[in-house]
Amino acid sequence: MEKAAKPWRYDNRIPSQPDYCANVISLILEQLEKSSWSNKDTFGIHMAMEEAIMNAIHHGNHCAPDKDVHVLVELFDDRFYSKITDQGCGFDPDALPDPTAEENLEKDCGRGVMLIMNFVDVVVYNAKGNSIEITKRRSDVPSNNHVEADR
Amino acid sequence: MDDFECIELDNINKVFVVKFKDHKVMDPARIETMGKELMSLLAGNDSERMLINFDNVSFFSSAAINKLIVLEKRIRSQGGQIRLSNLRPEVRDLFSYTNLDSMFQIKDEQEEALASFEKK
């Protein structure tokens with residue numbers, strides 16, 4: 001049986017500053033391009049990672065200089081996986097107001113989380129609500145070749 | 001007419017036609033600047049008509065969307081109109097997933113968007 005290729009891996013703690021988010025995103029986009037991921041998949045991963053890391057920096061850690069964000073990324077042949085954890089007190093994603101409701105359209109609350117859920121395949125929060133796991137399957141890989149992505 | 005840092009501005013038939021200079025509208029500091037530049041176009045109390053052409057845009061963060069929402073609210077309160085055009089499918093998805101396509105009139109092409117403004 002052919003051995004699966006080792007995934008590209010990024011595992012780092014970044015300070016709670018937006019510039020560091022941009023650096024991580026650049027590295028991820030570079031790897032996706034090297035691996036010839038489609039523009040559509042790349043856009044979805046970019047959107048989800050941008051929103052998840054910025055949420056962790058702003059809403060989780062409140063940009064506190066003594067708090068960091070743990071970003072783990074694994075890029076497999078057929079899927080993208082990431083786990084992002086902040087040092088905040090967490091939140092309940094189910095308690096967010098519906099950002100698509102007419103009365104909430106003008107509010108800046110819950111839109112980022114909704115975008116993450118729409119642009120990737122699997123989103124899992126831990127019980128505390130300070131850690132999010134994201135999985136996006138590569139769309140140009142036949143579905144029967146996908147490894148079970150729900151880890 | 002173009003002395004802005006983040007937007008390019010044109011005026012066609014009394015409509016402000018705006019394009020973004022950034023291919024990826026995601027840098028928080030530049031989004032702040034972009035928001036201020038857009039709002040500066042509404043400095044008077046006139047009911048302005050504005051078209052935002054996304055021709056050059058491959059990525060648009062939710063922070064940038066928030067600036068457009070504030071802009072739309074201001075334009076609407078002044079009796080003006082706003083249209084969006086030339087969105088790539090992925091960027092268009094941003095607006096449909098969040099139901100913001102009920103707030104913004106989105107057209108495929110600039111000409112179509114220009115023609116859709118109601119006369120003052």
# chains A, B, ... in the order shown; residues from 1 in each chain; ligands from 1
>>> interface_residues(of="chain A", to="chain B", cutoff="8 Å", atoms="only C-alpha atoms", output="list of chain:residue names")
A:Pro18, A:Ala22, A:Lys40, A:Phe43, A:Met47, A:Glu50, A:Glu51, A:Pro99, A:Thr100, A:Ala101, A:Leu105, A:Glu106, A:Asp108, A:Arg111, A:Gly112, A:Met114, A:Leu115, A:Asn118
>>> write_last_selection(atoms="all heavy atoms", output="compact mmCIF listing (two decimals), in the first residue's frame")
# COMPACT_ATOMS: atom_id res chain seq x y z
N PRO A 18 -2.64 41.99 14.52
CA PRO A 18 -3.10 41.65 13.17
C PRO A 18 -1.98 41.37 12.17
O PRO A 18 -2.14 40.53 11.29
CB PRO A 18 -3.89 42.90 12.76
CG PRO A 18 -4.36 43.48 14.04
CD PRO A 18 -3.27 43.21 15.04
N ALA A 22 -1.55 38.29 9.18
CA ALA A 22 -1.22 38.46 7.75
C ALA A 22 -0.04 37.59 7.36
O ALA A 22 -0.02 36.99 6.28
CB ALA A 22 -0.93 39.93 7.46
N LYS A 40 -10.97 28.89 -6.01
CA LYS A 40 -12.18 28.86 -5.17
C LYS A 40 -11.87 28.30 -3.78
O LYS A 40 -12.27 28.86 -2.76
CB LYS A 40 -13.25 28.01 -5.88
CG LYS A 40 -14.63 28.12 -5.29
CD LYS A 40 -15.63 27.44 -6.22
CE LYS A 40 -17.06 27.73 -5.84
NZ LYS A 40 -17.53 27.13 -4.64
N PHE A 43 -9.67 30.73 -1.86
CA PHE A 43 -10.45 31.86 -1.33
C PHE A 43 -11.16 31.46 -0.03
O PHE A 43 -11.15 32.19 0.96
CB PHE A 43 -11.48 32.31 -2.38
CG PHE A 43 -12.28 33.52 -1.96
CD1 PHE A 43 -11.88 34.79 -2.33
CD2 PHE A 43 -13.43 33.38 -1.20
CE1 PHE A 43 -12.61 35.91 -1.94
CE2 PHE A 43 -14.17 34.50 -0.80
CZ PHE A 43 -13.75 35.76 -1.18
N MET A 47 -10.49 33.08 3.57
CA MET A 47 -11.56 33.75 4.31
C MET A 47 -11.70 33.17 5.71
O MET A 47 -11.75 33.89 6.71
CB MET A 47 -12.88 33.60 3.52
CG MET A 47 -14.10 34.20 4.16
SD MET A 47 -13.97 35.96 4.50
CE MET A 47 -13.86 36.63 2.85
N GLU A 50 -8.55 33.94 7.94
CA GLU A 50 -8.51 35.36 8.28
C GLU A 50 -9.52 35.66 9.40
O GLU A 50 -9.19 36.30 10.40
CB GLU A 50 -8.86 36.18 7.02
CG GLU A 50 -9.11 37.64 7.24
CD GLU A 50 -7.89 38.51 6.99
OE1 GLU A 50 -6.92 38.00 6.40
OE2 GLU A 50 -7.92 39.67 7.42
N GLU A 51 -10.74 35.18 9.22
CA GLU A 51 -11.78 35.46 10.21
C GLU A 51 -11.47 34.76 11.54
O GLU A 51 -11.64 35.36 12.61
CB GLU A 51 -13.15 35.00 9.69
CG GLU A 51 -13.64 35.74 8.46
CD GLU A 51 -13.83 37.24 8.69
OE1 GLU A 51 -14.05 37.66 9.84
OE2 GLU A 51 -13.72 38.01 7.71
N PRO A 99 -26.66 36.84 11.83
CA PRO A 99 -26.24 38.05 11.10
C PRO A 99 -27.00 38.27 9.81
O PRO A 99 -26.93 39.34 9.22
CB PRO A 99 -24.76 37.80 10.81
CG PRO A 99 -24.62 36.31 10.81
CD PRO A 99 -25.64 35.78 11.75
N THR A 100 -27.77 37.24 9.37
CA THR A 100 -28.52 37.40 8.12
C THR A 100 -29.94 37.93 8.37
O THR A 100 -30.66 38.24 7.42
CB THR A 100 -28.64 36.07 7.35
OG1 THR A 100 -29.43 35.16 8.12
CG2 THR A 100 -27.28 35.46 7.09
N ALA A 101 -30.34 38.02 9.66
CA ALA A 101 -31.68 38.55 9.96
C ALA A 101 -31.71 40.03 9.62
O ALA A 101 -30.72 40.74 9.85
CB ALA A 101 -32.01 38.33 11.43
N LEU A 105 -28.54 43.04 10.06
CA LEU A 105 -27.65 43.23 8.90
C LEU A 105 -26.63 44.34 9.12
O LEU A 105 -25.52 44.27 8.63
CB LEU A 105 -28.47 43.54 7.64
CG LEU A 105 -29.19 42.36 6.99
CD1 LEU A 105 -29.93 42.84 5.74
CD2 LEU A 105 -28.25 41.24 6.64
N GLU A 106 -27.04 45.37 9.87
CA GLU A 106 -26.13 46.50 10.06
C GLU A 106 -25.19 46.30 11.24
O GLU A 106 -24.32 47.13 11.49
CB GLU A 106 -26.94 47.79 10.24
CG GLU A 106 -27.66 48.20 8.96
CD GLU A 106 -28.55 49.41 9.16
OE1 GLU A 106 -28.52 50.01 10.25
OE2 GLU A 106 -29.28 49.76 8.22
N ASP A 108 -22.21 44.45 13.52
CA ASP A 108 -20.95 43.74 13.29
C ASP A 108 -20.85 42.60 14.31
O ASP A 108 -20.05 42.65 15.22
CB ASP A 108 -19.80 44.74 13.46
CG ASP A 108 -18.45 44.05 13.44
OD1 ASP A 108 -18.38 42.92 12.94
OD2 ASP A 108 -17.48 44.65 13.92
N ARG A 111 -20.99 37.83 11.81
CA ARG A 111 -20.81 37.68 10.37
C ARG A 111 -19.56 36.85 10.05
O ARG A 111 -19.58 36.01 9.15
CB ARG A 111 -20.74 39.05 9.69
CG ARG A 111 -20.94 38.96 8.18
CD ARG A 111 -21.08 40.33 7.54
NE ARG A 111 -22.28 41.01 7.99
CZ ARG A 111 -22.30 42.14 8.69
NH1 ARG A 111 -21.18 42.75 9.01
NH2 ARG A 111 -23.43 42.68 9.07
N GLY A 112 -18.49 37.08 10.80
CA GLY A 112 -17.24 36.35 10.56
C GLY A 112 -17.42 34.85 10.78
O GLY A 112 -16.97 34.04 9.97
N MET A 114 -20.17 33.18 10.62
CA MET A 114 -21.04 32.66 9.55
C MET A 114 -20.23 32.43 8.26
O MET A 114 -20.41 31.42 7.57
CB MET A 114 -22.17 33.62 9.29
CG MET A 114 -22.78 33.45 7.92
SD MET A 114 -24.48 33.92 7.87
CE MET A 114 -25.27 32.47 8.50
N LEU A 115 -19.32 33.35 7.97
CA LEU A 115 -18.51 33.20 6.76
C LEU A 115 -17.61 31.96 6.87
O LEU A 115 -17.46 31.20 5.92
CB LEU A 115 -17.65 34.45 6.53
CG LEU A 115 -18.44 35.67 6.04
CD1 LEU A 115 -17.56 36.91 6.03
CD2 LEU A 115 -19.02 35.42 4.65
N ASN A 118 -19.58 28.92 6.14
CA ASN A 118 -20.00 28.78 4.74
C ASN A 118 -18.86 28.43 3.80
O ASN A 118 -19.09 27.83 2.75
CB ASN A 118 -20.66 30.08 4.27
CG ASN A 118 -22.14 30.11 4.59
OD1 ASN A 118 -22.93 29.45 3.95
ND2 ASN A 118 -22.49 30.84 5.63
>>> residues_around(residues="Pro15 (chain A)", least_positions_apart="4", cutoff="8 Å", atoms="only C-alpha atoms", output="MDAnalysis selection string")
chainID A and resid 20 65 67:69
>>> atom_distance(atom1="CA of Ser139 (chain A)", atom2="CA of Met49 (chain A)")
17.6 Å
>>> closest_residue(among="A:Thr85, A:Asn39, A:Thr135, A:Asn130", to="Ile14 (chain A)", atoms="only C-alpha atoms")
A:Thr85
>>> atom_distance(atom1="CA of Cys109 (chain A)", atom2="CA of Phe54 (chain B)")
24.2 Å
>>> residues_around(residues="Phe76 (chain A)", least_positions_apart="2", cutoff="10 Å", atoms="only C-alpha atoms", output="list in words")
Ala4, Ala5, Lys6, Pro7, Trp8, Arg9, Ser35, Val73, Glu74, Asp78, Arg79, Phe80, Tyr81, Arg137, Arg138 and Val147 of chain A
>>> write_last_selection(atoms="C-alpha atoms", output="PDB file, in the first residue's frame")
ATOM      1  CA  ALA A   4       0.459   8.870   2.334  1.00  0.00           C
ATOM      2  CA  ALA A   5       2.633  11.933   1.785  1.00  0.00           C
ATOM      3  CA  LYS A   6       3.605  13.838   4.907  1.00  0.00           C
ATOM      4  CA  PRO A   7       1.505  16.990   5.266  1.00  0.00           C
ATOM      5  CA  TRP A   8       2.952  20.488   5.215  1.00  0.00           C
ATOM      6  CA  ARG A   9       2.741  21.663   8.805  1.00  0.00           C
ATOM      7  CA  SER A  35       0.182  22.581  -4.288  1.00  0.00           C
ATOM      8  CA  VAL A  73      -2.112  24.077  10.143  1.00  0.00           C
ATOM      9  CA  GLU A  74      -1.786  20.788   8.294  1.00  0.00           C
ATOM     10  CA  ASP A  78      -6.790  16.120  -0.222  1.00  0.00           C
ATOM     11  CA  ARG A  79      -7.655  18.495   2.618  1.00  0.00           C
ATOM     12  CA  PHE A  80      -6.700  21.505   4.694  1.00  0.00           C
ATOM     13  CA  TYR A  81      -6.912  21.325   8.474  1.00  0.00           C
ATOM     14  CA  ARG A 137     -11.655  19.229   1.518  1.00  0.00           C
ATOM     15  CA  ARG A 138      -9.900  19.806  -1.761  1.00  0.00           C
ATOM     16  CA  VAL A 147      -9.652  10.551   3.941  1.00  0.00           C
TER      17      VAL A 147
END
>>> select_by_dssp(residues="chain B", states="helix (DSSP H, G or I)", output="NGL selection string")
:B and (28-40 or 62-77 or 89-97 or 100-102 or 110-115)
>>> atom_distance(atom1="CA of Leu96 (chain A)", atom2="CA of Arg13 (chain A)")
27.0 Å
